[in-house]
Amino acid sequence: MGALLHGWWDAFFYVPLLNVLIWLYNGPAGQNLGAAIILLTVGVRLLLLPFSFFSERSKHIYEKVEKKIVGIEREHKDDPELQKERIRELLREHGVSPWSRAWLLLLQLLVLVVLYQVFMGSIRTNRFDQLYPWVEHPDLVFTNFLWWNLSARSWFWSLLVGAWLYLEITADQRKHRENLTRSDLFYRVGFPAFSAVVLLLLPMMKSLFILTSLAFSYIIGSTRRVLFQVKTEDDD
């Protein structure tokens, strides 16, 4: 059973991602592994655009009904179960689903795990015996990106991800500052700090992947605000 799962994992995840990464490295990235990871991340996010669209749509609708949610929380503050049920009914009524965002994050996490395995199993050991016939076998994959080594730990890139998360969370919480709780304030600092510490223990390539994905999400979010701006003003 274990061998079957391992073979399935290699056939559908590890080997395809390895081949795409090396193809990008040999071609569009100009033998720059950092650029190849950036292109791979953008490609993955483009494939996940339907999930991104539904996630942004749900976020937009949630912002519109947030005042009603606050009202429900105040009205049923002594009955948490009824409070949750009323909020679920409200979100269901407006077609808000948390699953689109959950699937988006899960699929990105899957790619991140596979990319890490590719990096540790093939890139660092220079083993490319699982390449498809149409993918050119590189003599050597250089792991330098700008002034950093993708295979080494980097406090700069891990802190950069943490700083981005902190600014993103802060900007989002400013829209709801009147409803912030202590847990929200702790999350603002705690989650970016925890993420930075975890990434500091891992190769820099993980930070590059996450930072590229965050930048892509920012662009999608900005596009969502432009597309829905007129509609929101009309609704108000």
# chains A, B, ... in the order shown; residues from 1 in each chain; ligands from 1
>>> residues_around(residues="Ala11 in chain A", least_positions_apart="6", cutoff="12 Å", atoms="only C-alpha atoms", output="JSON, numbers by chain")
{"A": [4, 5, 17, 18, 19, 114, 130, 131, 132]}
>>> residues_around(residues="Phe186 in chain A", least_positions_apart="6", cutoff="12 Å", atoms="only C-alpha atoms", output="list in words")
Tyr166, Ile169, Thr170, Gln173, Leu180, Pro192, Ala193 and Phe194 of chain A
>>> atom_distance(atom1="CA of Asp10 in chain A", atom2="CA of Leu106 in chain A")
18.6 Å
>>> closest_residue(among="A:Val161, A:Ser52, A:Gly7, A:Glu75", to="Thr212 in chain A", atoms="only C-alpha atoms")
A:Val161
>>> closest_residue(among="A:Leu82, A:Gly34, A:Arg188, A:Val20", to="Trp147 in chain A", atoms="only C-alpha atoms")
A:Gly34
>>> residues_around(residues="Glu168 in chain A", least_positions_apart="6", cutoff="12 Å", atoms="only C-alpha atoms", output="PyMOL selection string")
chain A and resi 161-162+174-175+187-189+191-192+214-215+217-218+221
>>> residues_around(residues="Ser158 in chain A", least_positions_apart="2", cutoff="10 Å", atoms="only C-alpha atoms", output="mmCIF file with C-alpha atoms, in the first residue's frame")
data_model
loop_
_atom_site.group_PDB
_atom_site.id
_atom_site.type_symbol
_atom_site.label_atom_id
_atom_site.label_comp_id
_atom_site.auth_asym_id
_atom_site.auth_seq_id
_atom_site.Cartn_x
_atom_site.Cartn_y
_atom_site.Cartn_z
ATOM 1 C CA ARG A 153 18.346 29.739 5.098
ATOM 2 C CA SER A 154 17.777 33.468 4.776
ATOM 3 C CA TRP A 155 16.685 35.742 7.608
ATOM 4 C CA PHE A 156 16.123 38.547 5.069
ATOM 5 C CA LEU A 160 10.265 39.950 4.271
ATOM 6 C CA VAL A 161 7.407 37.429 4.229
ATOM 7 C CA GLY A 162 6.623 38.233 7.872
ATOM 8 C CA ALA A 163 6.602 41.974 7.164
ATOM 9 C CA PRO A 192 3.599 36.991 10.823
ATOM 10 C CA ALA A 193 6.187 36.375 13.552
ATOM 11 C CA SER A 195 5.599 32.439 9.813
ATOM 12 C CA ALA A 196 8.948 34.248 9.739
ATOM 13 C CA VAL A 197 10.436 31.925 12.370
ATOM 14 C CA VAL A 198 9.255 28.783 10.542
ATOM 15 C CA LEU A 199 10.592 30.035 7.203
ATOM 16 C CA LEU A 200 13.896 30.931 8.821
ATOM 17 C CA LEU A 201 14.389 27.213 9.510
ATOM 18 C CA LEU A 202 13.762 26.264 5.869
ATOM 19 C CA PRO A 203 15.534 26.909 2.548
ATOM 20 C CA MET A 204 14.994 30.351 1.081
ATOM 21 C CA LYS A 206 10.042 28.472 0.322
ATOM 22 C CA SER A 207 10.049 32.167 1.226
ATOM 23 C CA LEU A 208 10.371 33.074 -2.456
ATOM 24 C CA ILE A 210 5.218 32.315 -0.591
ATOM 25 C CA LEU A 211 6.209 35.913 -1.305
#
>>> select_by_dssp(residues="range 110-209 of chain A", states="helix (DSSP H, G or I)", output="NGL selection string")
:A and (110-123 or 155-174 or 177-179 or 182-200 or 204-209)
>>> write_last_selection(atoms="C-alpha atoms", output="compact mmCIF listing (two decimals), in the first residue's frame")
# COMPACT_ATOMS: atom_id res chain seq x y z
CA LEU A 110 0.39 20.93 -1.70
CA VAL A 111 2.53 22.59 -4.38
CA LEU A 112 4.82 24.02 -1.70
CA VAL A 113 5.35 20.57 -0.17
CA VAL A 114 6.06 18.98 -3.55
CA LEU A 115 8.38 21.83 -4.52
CA TYR A 116 10.33 21.31 -1.31
CA GLN A 117 10.67 17.59 -2.08
CA VAL A 118 11.81 18.37 -5.63
CA PHE A 119 14.36 20.80 -4.28
CA MET A 120 15.73 18.41 -1.67
CA GLY A 121 15.44 15.23 -3.75
CA SER A 122 16.62 16.38 -7.19
CA ILE A 123 17.98 19.92 -7.25
CA TRP A 155 16.69 35.74 7.61
CA PHE A 156 16.12 38.55 5.07
CA TRP A 157 13.57 36.66 2.96
CA SER A 158 11.80 35.10 5.94
CA LEU A 159 11.46 38.53 7.58
CA LEU A 160 10.26 39.95 4.27
CA VAL A 161 7.41 37.43 4.23
CA GLY A 162 6.62 38.23 7.87
CA ALA A 163 6.60 41.97 7.16
CA TRP A 164 4.31 41.51 4.15
CA LEU A 165 1.87 39.45 6.23
CA TYR A 166 1.92 42.03 9.03
CA LEU A 167 1.18 44.92 6.66
CA GLU A 168 -1.54 42.92 4.88
CA ILE A 169 -3.27 41.93 8.13
CA THR A 170 -2.94 45.47 9.52
CA ALA A 171 -4.50 47.00 6.39
CA ASP A 172 -7.38 44.52 6.55
CA GLN A 173 -8.00 45.08 10.26
CA ARG A 174 -8.09 48.86 9.83
CA ARG A 177 -11.02 48.65 13.79
CA GLU A 178 -14.18 49.23 15.83
CA ASN A 179 -14.75 45.46 16.11
CA ARG A 182 -7.42 41.10 21.68
CA SER A 183 -7.17 37.91 19.68
CA ASP A 184 -7.23 39.97 16.47
CA LEU A 185 -4.38 42.13 17.72
CA PHE A 186 -2.41 39.05 18.78
CA TYR A 187 -3.03 37.48 15.37
CA ARG A 188 -1.72 40.63 13.66
CA VAL A 189 1.66 40.21 15.31
CA GLY A 190 1.73 36.52 16.18
CA PHE A 191 0.97 35.00 12.78
CA PRO A 192 3.60 36.99 10.82
CA ALA A 193 6.19 36.37 13.55
CA PHE A 194 5.44 32.63 13.62
CA SER A 195 5.60 32.44 9.81
CA ALA A 196 8.95 34.25 9.74
CA VAL A 197 10.44 31.93 12.37
CA VAL A 198 9.26 28.78 10.54
CA LEU A 199 10.59 30.03 7.20
CA LEU A 200 13.90 30.93 8.82
CA MET A 204 14.99 30.35 1.08
CA MET A 205 13.10 28.92 -1.90
CA LYS A 206 10.04 28.47 0.32
CA SER A 207 10.05 32.17 1.23
CA LEU A 208 10.37 33.07 -2.46
CA PHE A 209 7.40 30.87 -3.37
